[in-house]
Amino acid sequence: MNFVNSCPFVNLCREMQKETVLVIGACGQLGTELTEALRGIYGENHVVASDVKKSDNDVFQTGPFEVLDILDKPKLQEILEQYKPTQVYHLAALLSATAEKMPEFAWKLNMDGLFHLLDAARDMGIVKKVYWPSSIAAFGPNTTRINTPQYGAMDPTTVYGISKLAGELYAQYYFNRWGVDTRSLRYPGLIGYKSAPGGGTTDYAVAIYHDALTTGKHHCFLKPGTVLPMLYMPDALKATLDIMHAPAEKVKIRTSYNLAGMSFGPEEITAAIQKHIPSFSSTYEPDYRQAIADSWPAVIDDSRAREDWGWKPDYDLDRMTADMLDNLRRMGFRIDS
Ligand code: SER
């Protein structure tokens with residue numbers, strides 16, 4: 001897919017193509033695909049990938065890669081001095097389920113990491129634009145669960161969600177007070193075939209496709225009826241790239257935008273897979289992640305993203321399912337493989 005030509009802000013996107021971009025947390029589920037997409041737009045040598053450890057995914061074997069622990073502020077500054085990126089995508093974080101196992105470290109990583117970057121953007125005069133993801137985890141049990149509005153009760157119950165809500169407010173604060181051009185999306189669960197997720201409550205919706213093609217059975221850690229908002233990776237990439245290429249005046253929300261693609265429970269994704277693999281089945285055994293899922297919205301109202309910078313997803317559950325299964329099969333996932 002050619003992101004430049006299909007970008008609603010194609011002219012600005014073309015102008016920005018001369019810039020250098022840094023991706024922090026590049027080896028994660030989103031980072032891997034985003035790095036690949038950014039290299040398609042900006043060229044391999046203009047997209048610096050960084051993470052605590054280099055992954056052996058092909059995308060990192062070409063173009064610059066730096067080992068960076070985002071808690072190491074001097075190293076971040078050194079990388080910024082060396083490559084002079086004008087845009088940074090900061091994706092390094094512990095996700096909801098892992099963060100509950102080590103809450104103190106999760107808070108440190110998620111918050112200090114963000115501060116290191118925001119401070120560098122404010123103080124060094126190199127970085128002009130910062131992308132940092134928030135999440136549906138920023139909502140909580142008193143949030144309206146159906147058509148969750150952009151503004152409403154936000155009372156996250158997980159350390160991950162608390163860090164996202166605090167981070168949203170700080171991103172807005174740095175924008176208002178020091179003019180750091182911060183942009184953010186509240187991602188729902190992200191589903192893709194190219195790279196594995198790690199430590200999220202929504203991750204079952206990726207594993208289920210792998211299971212469908214290998215063992216033919218999925219053992220789900222959530223119970224039927226647990227409806228959560230989800231987004232297919234090509235849509236997540238489109239939204240992320242579009243908000244970063246939008247003219248500043250169109251980005252009217254500087255905390256984080258609600259964003260949605262589809263909503264379903266584990267039994268619905270099972271049924272969608274059964275249309276392709278009738279023998280596939282799921283069993284259910286909820287664990288500690290059920291309480292996390294129960295505190296999150298089921299259906300998100302993303303009308304502000306649609307109005308302000310033209311967001312519209314392309315994939316629903318059936319279209320995503322067909323595409324996931326095709327691609328995983330192409331990659332060699334087979335029953336008994
Ligand atoms: N996918 C994330 C998680 O489950 C939500 O942001 O933690």
# chains A, B, ... in the order shown; residues from 1 in each chain; ligands from 1
$ residues_near_ligand --ligand "ligand 1" --cutoff "8 Å" --atoms "only C-alpha atoms and all ligand atoms" --output "PDB file with C-alpha atoms, in the first residue's frame"
ATOM      1  CA  LEU A  95       1.005  -3.385  28.354  1.00  0.00           C
ATOM      2  CA  SER A  96      -1.917  -4.017  30.665  1.00  0.00           C
ATOM      3  CA  ALA A  97      -1.452  -7.633  31.774  1.00  0.00           C
ATOM      4  CA  SER A 134      -2.726   5.933  24.680  1.00  0.00           C
ATOM      5  CA  SER A 135      -5.259   3.124  25.033  1.00  0.00           C
ATOM      6  CA  ILE A 136      -8.807   2.118  25.862  1.00  0.00           C
ATOM      7  CA  ALA A 137      -7.191   1.162  29.191  1.00  0.00           C
ATOM      8  CA  TYR A 160      -1.094   0.644  32.614  1.00  0.00           C
ATOM      9  CA  ARG A 186      -6.332   5.713  22.254  1.00  0.00           C
ATOM     10  CA  TYR A 187      -5.756   2.346  20.609  1.00  0.00           C
ATOM     11  CA  PRO A 188      -8.190  -0.489  21.072  1.00  0.00           C
ATOM     12  CA  GLY A 189      -6.769  -4.034  20.862  1.00  0.00           C
ATOM     13  CA  LEU A 190      -4.485  -4.262  17.823  1.00  0.00           C
ATOM     14  CA  GLY A 199       1.394  -8.684  27.511  1.00  0.00           C
ATOM     15  CA  GLY A 200      -1.967  -7.229  26.543  1.00  0.00           C
ATOM     16  CA  THR A 201      -5.486  -8.211  27.580  1.00  0.00           C
ATOM     17  CA  THR A 202      -6.663  -8.032  23.987  1.00  0.00           C
ATOM     18  CA  ASP A 203      -3.877 -10.324  22.737  1.00  0.00           C
TER      19      ASP A 203
END
$ select_by_dssp --residues "stretch 26-66 of chain A" --states "helix (DSSP H, G or I)" --output "ChimeraX atom specification"
/A:29-42,44-46,58-60
$ closest_residue --among "A:Ala291, A:Met331, A:Leu109, A:Ala196" --to "A:Thr32" --atoms "only C-alpha atoms"
A:Ala196
$ residues_around --residues "A:Asp294" --least-positions-apart "6" --cutoff "12 Å" --atoms "only C-alpha atoms" --output "PyMOL selection string"
chain A and resi 136-137+139-143+145+156-158+201-202+222-229+265+286-288
$ write_last_selection --atoms "N, CA and C atoms" --output "PDB file, in the first residue's frame"
ATOM      1  N   ILE A 136      -7.497   2.261  25.209  1.00  0.00           N
ATOM      2  CA  ILE A 136      -8.807   2.118  25.862  1.00  0.00           C
ATOM      3  C   ILE A 136      -8.646   1.845  27.355  1.00  0.00           C
ATOM      4  N   ALA A 137      -7.441   1.432  27.766  1.00  0.00           N
ATOM      5  CA  ALA A 137      -7.191   1.162  29.191  1.00  0.00           C
ATOM      6  C   ALA A 137      -7.244   2.430  30.035  1.00  0.00           C
ATOM      7  N   PHE A 139      -9.691   4.240  30.194  1.00  0.00           N
ATOM      8  CA  PHE A 139     -11.063   4.285  30.729  1.00  0.00           C
ATOM      9  C   PHE A 139     -11.192   3.298  31.886  1.00  0.00           C
ATOM     10  N   GLY A 140     -12.319   3.364  32.586  1.00  0.00           N
ATOM     11  CA  GLY A 140     -12.498   2.484  33.743  1.00  0.00           C
ATOM     12  C   GLY A 140     -13.950   2.099  33.933  1.00  0.00           C
ATOM     13  N   PRO A 141     -14.264   1.482  35.060  1.00  0.00           N
ATOM     14  CA  PRO A 141     -15.601   0.904  35.255  1.00  0.00           C
ATOM     15  C   PRO A 141     -16.746   1.923  35.255  1.00  0.00           C
ATOM     16  N   ASN A 142     -16.451   3.189  35.525  1.00  0.00           N
ATOM     17  CA  ASN A 142     -17.536   4.182  35.496  1.00  0.00           C
ATOM     18  C   ASN A 142     -17.669   4.893  34.159  1.00  0.00           C
ATOM     19  N   THR A 143     -16.866   4.470  33.207  1.00  0.00           N
ATOM     20  CA  THR A 143     -16.977   4.985  31.841  1.00  0.00           C
ATOM     21  C   THR A 143     -18.242   4.411  31.200  1.00  0.00           C
ATOM     22  N   ARG A 145     -19.879   2.345  28.698  1.00  0.00           N
ATOM     23  CA  ARG A 145     -19.203   1.255  27.981  1.00  0.00           C
ATOM     24  C   ARG A 145     -19.615   1.161  26.515  1.00  0.00           C
ATOM     25  N   PRO A 156      -9.331   4.628  35.353  1.00  0.00           N
ATOM     26  CA  PRO A 156      -8.654   3.354  35.066  1.00  0.00           C
ATOM     27  C   PRO A 156      -8.294   2.596  36.335  1.00  0.00           C
ATOM     28  N   THR A 157      -8.364   1.273  36.238  1.00  0.00           N
ATOM     29  CA  THR A 157      -8.086   0.439  37.413  1.00  0.00           C
ATOM     30  C   THR A 157      -6.716  -0.236  37.329  1.00  0.00           C
ATOM     31  N   THR A 158      -6.078  -0.206  36.170  1.00  0.00           N
ATOM     32  CA  THR A 158      -4.767  -0.862  36.028  1.00  0.00           C
ATOM     33  C   THR A 158      -3.662   0.183  36.035  1.00  0.00           C
ATOM     34  N   THR A 201      -4.252  -7.491  27.281  1.00  0.00           N
ATOM     35  CA  THR A 201      -5.486  -8.211  27.580  1.00  0.00           C
ATOM     36  C   THR A 201      -6.232  -8.561  26.295  1.00  0.00           C
ATOM     37  N   THR A 202      -5.989  -7.794  25.261  1.00  0.00           N
ATOM     38  CA  THR A 202      -6.663  -8.032  23.987  1.00  0.00           C
ATOM     39  C   THR A 202      -5.901  -9.027  23.101  1.00  0.00           C
ATOM     40  N   LEU A 222     -10.561 -15.075  28.371  1.00  0.00           N
ATOM     41  CA  LEU A 222     -11.741 -14.240  28.639  1.00  0.00           C
ATOM     42  C   LEU A 222     -12.979 -15.093  28.409  1.00  0.00           C
ATOM     43  N   LYS A 223     -14.090 -14.687  29.030  1.00  0.00           N
ATOM     44  CA  LYS A 223     -15.302 -15.485  28.847  1.00  0.00           C
ATOM     45  C   LYS A 223     -16.131 -14.961  27.665  1.00  0.00           C
ATOM     46  N   PRO A 224     -17.020 -15.823  27.147  1.00  0.00           N
ATOM     47  CA  PRO A 224     -17.876 -15.364  26.046  1.00  0.00           C
ATOM     48  C   PRO A 224     -18.646 -14.119  26.480  1.00  0.00           C
ATOM     49  N   GLY A 225     -18.913 -13.245  25.526  1.00  0.00           N
ATOM     50  CA  GLY A 225     -19.670 -12.029  25.840  1.00  0.00           C
ATOM     51  C   GLY A 225     -18.795 -10.864  26.270  1.00  0.00           C
ATOM     52  N   THR A 226     -17.470 -11.101  26.361  1.00  0.00           N
ATOM     53  CA  THR A 226     -16.571  -9.998  26.746  1.00  0.00           C
ATOM     54  C   THR A 226     -16.248  -9.185  25.487  1.00  0.00           C
ATOM     55  N   VAL A 227     -17.103  -8.210  25.236  1.00  0.00           N
ATOM     56  CA  VAL A 227     -16.942  -7.417  24.008  1.00  0.00           C
ATOM     57  C   VAL A 227     -15.911  -6.321  24.251  1.00  0.00           C
ATOM     58  N   LEU A 228     -14.922  -6.267  23.374  1.00  0.00           N
ATOM     59  CA  LEU A 228     -13.884  -5.227  23.470  1.00  0.00           C
ATOM     60  C   LEU A 228     -13.688  -4.575  22.096  1.00  0.00           C
ATOM     61  N   PRO A 229     -13.262  -3.317  22.099  1.00  0.00           N
ATOM     62  CA  PRO A 229     -12.967  -2.656  20.820  1.00  0.00           C
ATOM     63  C   PRO A 229     -11.637  -3.159  20.259  1.00  0.00           C
ATOM     64  N   GLY A 265     -16.773 -10.054  20.930  1.00  0.00           N
ATOM     65  CA  GLY A 265     -16.363 -10.923  22.034  1.00  0.00           C
ATOM     66  C   GLY A 265     -15.698 -12.163  21.479  1.00  0.00           C
ATOM     67  N   PRO A 286     -11.680 -17.915  32.109  1.00  0.00           N
ATOM     68  CA  PRO A 286     -11.247 -16.559  32.437  1.00  0.00           C
ATOM     69  C   PRO A 286     -10.207 -16.541  33.567  1.00  0.00           C
ATOM     70  N   ASP A 287      -9.192 -15.677  33.437  1.00  0.00           N
ATOM     71  CA  ASP A 287      -8.217 -15.497  34.512  1.00  0.00           C
ATOM     72  C   ASP A 287      -8.225 -14.029  34.946  1.00  0.00           C
ATOM     73  N   TYR A 288      -7.124 -13.558  35.535  1.00  0.00           N
ATOM     74  CA  TYR A 288      -7.099 -12.186  36.069  1.00  0.00           C
ATOM     75  C   TYR A 288      -7.360 -11.123  34.994  1.00  0.00           C
TER      76      TYR A 288
END
$ residues_around --residues "stretch 49-64 of chain A" --least-positions-apart "5" --cutoff "7 Å" --atoms "only C-alpha atoms" --output "number ranges by chain"
A: 22-27, 35-36, 44, 69
$ closest_atom_pairs --of "stretch 194-275 of chain A" --to "stretch 301-315 of chain A" --cutoff "12 Å" --atoms "only C-alpha atoms" --output "JSON lines"
{"residue": "A:Pro229", "atom": "CA", "partner": "A:Asp301", "partner_atom": "CA", "distance": 10.3}
{"residue": "A:Met230", "atom": "CA", "partner": "A:Tyr315", "partner_atom": "CA", "distance": 10.3}
{"residue": "A:Leu231", "atom": "CA", "partner": "A:Tyr315", "partner_atom": "CA", "distance": 7.9}
{"residue": "A:Tyr232", "atom": "CA", "partner": "A:Tyr315", "partner_atom": "CA", "distance": 6.6}
{"residue": "A:Met233", "atom": "CA", "partner": "A:Tyr315", "partner_atom": "CA", "distance": 9.4}
{"residue": "A:Pro234", "atom": "CA", "partner": "A:Asp314", "partner_atom": "CA", "distance": 8.4}
{"residue": "A:Asp235", "atom": "CA", "partner": "A:Pro313", "partner_atom": "CA", "distance": 5.7}
{"residue": "A:Ala236", "atom": "CA", "partner": "A:Pro313", "partner_atom": "CA", "distance": 8.5}
{"residue": "A:Leu237", "atom": "CA", "partner": "A:Pro313", "partner_atom": "CA", "distance": 10.5}
{"residue": "A:Lys238", "atom": "CA", "partner": "A:Pro313", "partner_atom": "CA", "distance": 8.5}
{"residue": "A:Ala239", "atom": "CA", "partner": "A:Trp311", "partner_atom": "CA", "distance": 6.6}
{"residue": "A:Thr240", "atom": "CA", "partner": "A:Trp311", "partner_atom": "CA", "distance": 10.0}
{"residue": "A:Leu241", "atom": "CA", "partner": "A:Trp311", "partner_atom": "CA", "distance": 10.9}
{"residue": "A:Asp242", "atom": "CA", "partner": "A:Trp309", "partner_atom": "CA", "distance": 7.7}
{"residue": "A:Ile243", "atom": "CA", "partner": "A:Trp309", "partner_atom": "CA", "distance": 7.0}
{"residue": "A:Met244", "atom": "CA", "partner": "A:Trp309", "partner_atom": "CA", "distance": 10.3}
{"residue": "A:His245", "atom": "CA", "partner": "A:Trp309", "partner_atom": "CA", "distance": 9.8}
{"residue": "A:Ala246", "atom": "CA", "partner": "A:Trp309", "partner_atom": "CA", "distance": 6.8}
{"residue": "A:Pro247", "atom": "CA", "partner": "A:Trp309", "partner_atom": "CA", "distance": 8.8}
{"residue": "A:Ala248", "atom": "CA", "partner": "A:Trp309", "partner_atom": "CA", "distance": 10.1}
{"residue": "A:Glu249", "atom": "CA", "partner": "A:Asp308", "partner_atom": "CA", "distance": 9.1}
{"residue": "A:Lys250", "atom": "CA", "partner": "A:Asp308", "partner_atom": "CA", "distance": 5.6}
{"residue": "A:Val251", "atom": "CA", "partner": "A:Asp308", "partner_atom": "CA", "distance": 6.6}
{"residue": "A:Lys252", "atom": "CA", "partner": "A:Asp308", "partner_atom": "CA", "distance": 7.0}
{"residue": "A:Ile253", "atom": "CA", "partner": "A:Arg304", "partner_atom": "CA", "distance": 8.6}
{"residue": "A:Arg254", "atom": "CA", "partner": "A:Ala305", "partner_atom": "CA", "distance": 11.7}
{"residue": "A:Ser256", "atom": "CA", "partner": "A:Ala305", "partner_atom": "CA", "distance": 9.7}
{"residue": "A:Tyr257", "atom": "CA", "partner": "A:Ala305", "partner_atom": "CA", "distance": 6.2}
{"residue": "A:Asn258", "atom": "CA", "partner": "A:Asp302", "partner_atom": "CA", "distance": 4.9}
{"residue": "A:Leu259", "atom": "CA", "partner": "A:Asp302", "partner_atom": "CA", "distance": 5.0}
{"residue": "A:Ala260", "atom": "CA", "partner": "A:Asp302", "partner_atom": "CA", "distance": 6.1}
{"residue": "A:Gly261", "atom": "CA", "partner": "A:Pro313", "partner_atom": "CA", "distance": 5.6}
{"residue": "A:Met262", "atom": "CA", "partner": "A:Tyr315", "partner_atom": "CA", "distance": 7.8}
{"residue": "A:Ser263", "atom": "CA", "partner": "A:Tyr315", "partner_atom": "CA", "distance": 11.3}
$ closest_residue --among "A:His90, A:Arg177, A:Arg39, A:Lys75" --to "A:Thr20" --atoms "only C-alpha atoms"
A:Arg39
$ closest_residue --among "A:Ala138, A:Ile292, A:Leu185, A:Met324" --to "A:Tyr89" --atoms "only C-alpha atoms"
A:Leu185
$ residues_around --residues "stretch 277-281 of chain A" --least-positions-apart "2" --cutoff "7 Å" --atoms "only C-alpha atoms" --output "list in words"
Ala212, Gly216, Lys217, His218, Thr270, Ile273, Gln274, Lys275 and Thr283 of chain A
$ write_last_selection --atoms "N, CA and C atoms" --output "mmCIF file, in the first residue's frame"
data_model
loop_
_atom_site.group_PDB
_atom_site.id
_atom_site.type_symbol
_atom_site.label_atom_id
_atom_site.label_comp_id
_atom_site.auth_asym_id
_atom_site.auth_seq_id
_atom_site.Cartn_x
_atom_site.Cartn_y
_atom_site.Cartn_z
ATOM 1 N N ALA A 212 -6.157 -21.271 15.324
ATOM 2 C CA ALA A 212 -7.097 -21.805 14.326
ATOM 3 C C ALA A 212 -6.354 -22.552 13.230
ATOM 4 N N GLY A 216 -6.179 -25.909 15.799
ATOM 5 C CA GLY A 216 -7.618 -26.005 15.532
ATOM 6 C C GLY A 216 -8.479 -25.717 16.759
ATOM 7 N N LYS A 217 -7.832 -25.323 17.863
ATOM 8 C CA LYS A 217 -8.568 -25.042 19.119
ATOM 9 C C LYS A 217 -7.943 -23.827 19.781
ATOM 10 N N HIS A 218 -8.800 -23.032 20.416
ATOM 11 C CA HIS A 218 -8.268 -21.903 21.196
ATOM 12 C C HIS A 218 -8.804 -21.979 22.613
ATOM 13 N N THR A 270 -14.608 -16.347 17.192
ATOM 14 C CA THR A 270 -14.613 -17.792 16.934
ATOM 15 C C THR A 270 -15.555 -18.103 15.763
ATOM 16 N N ILE A 273 -14.142 -17.102 12.435
ATOM 17 C CA ILE A 273 -13.117 -18.042 11.958
ATOM 18 C C ILE A 273 -13.783 -19.329 11.456
ATOM 19 N N GLN A 274 -14.860 -19.750 12.146
ATOM 20 C CA GLN A 274 -15.551 -20.991 11.735
ATOM 21 C C GLN A 274 -16.141 -20.892 10.319
ATOM 22 N N LYS A 275 -16.381 -19.665 9.842
ATOM 23 C CA LYS A 275 -16.872 -19.532 8.457
ATOM 24 C C LYS A 275 -15.802 -20.041 7.474
ATOM 25 N N THR A 283 -12.537 -22.847 23.826
ATOM 26 C CA THR A 283 -12.993 -23.102 25.196
ATOM 27 C C THR A 283 -12.610 -21.868 26.019
#
$ select_by_dssp --residues "stretch 96-154 of chain A" --states "strand (DSSP E)" --output "JSON, numbers by chain"
{"A": [129, 130, 131, 134, 135]}
$ atom_distance --atom1 "atom CA of A:Ile126" --atom2 "atom CA of A:Glu78"
11.7 Å
$ residues_around --residues "A:Phe333" --least-positions-apart "3" --cutoff "8 Å" --atoms "only C-alpha atoms" --output "PyMOL selection string"
chain A and resi 210+213-214+328-330+337
$ write_last_selection --atoms "N, CA and C atoms" --output "PDB file, in the first residue's frame"
ATOM      1  N   HIS A 210      -3.725 -17.811  15.115  1.00  0.00           N
ATOM      2  CA  HIS A 210      -2.619 -18.776  15.043  1.00  0.00           C
ATOM      3  C   HIS A 210      -3.125 -20.151  15.446  1.00  0.00           C
ATOM      4  N   LEU A 213      -5.165 -22.055  12.890  1.00  0.00           N
ATOM      5  CA  LEU A 213      -4.423 -22.658  11.782  1.00  0.00           C
ATOM      6  C   LEU A 213      -3.430 -23.723  12.225  1.00  0.00           C
ATOM      7  N   THR A 214      -3.187 -23.839  13.517  1.00  0.00           N
ATOM      8  CA  THR A 214      -2.204 -24.832  13.962  1.00  0.00           C
ATOM      9  C   THR A 214      -2.888 -25.977  14.719  1.00  0.00           C
ATOM     10  N   LEU A 328      -1.601 -15.570   7.275  1.00  0.00           N
ATOM     11  CA  LEU A 328      -0.925 -16.551   8.133  1.00  0.00           C
ATOM     12  C   LEU A 328      -0.690 -17.854   7.371  1.00  0.00           C
ATOM     13  N   ARG A 329      -1.639 -18.233   6.536  1.00  0.00           N
ATOM     14  CA  ARG A 329      -1.449 -19.449   5.710  1.00  0.00           C
ATOM     15  C   ARG A 329      -0.266 -19.256   4.780  1.00  0.00           C
ATOM     16  N   ARG A 330      -0.226 -18.084   4.162  1.00  0.00           N
ATOM     17  CA  ARG A 330       0.875 -17.770   3.241  1.00  0.00           C
ATOM     18  C   ARG A 330       2.220 -17.852   3.967  1.00  0.00           C
ATOM     19  N   SER A 337       1.387 -27.841  12.048  1.00  0.00           N
ATOM     20  CA  SER A 337       2.724 -27.375  11.676  1.00  0.00           C
ATOM     21  C   SER A 337       3.463 -26.932  12.937  1.00  0.00           C
TER      22      SER A 337
END
$ closest_residue --among "A:Ala271, A:Gly179, A:Thr255, A:Arg14" --to "A:Leu165" --atoms "only C-alpha atoms"
A:Thr255
$ closest_residue --among "A:Asn147, A:Asn45, A:Asn327, A:Gln29" --to "A:Ala298" --atoms "only C-alpha atoms"
A:Asn147
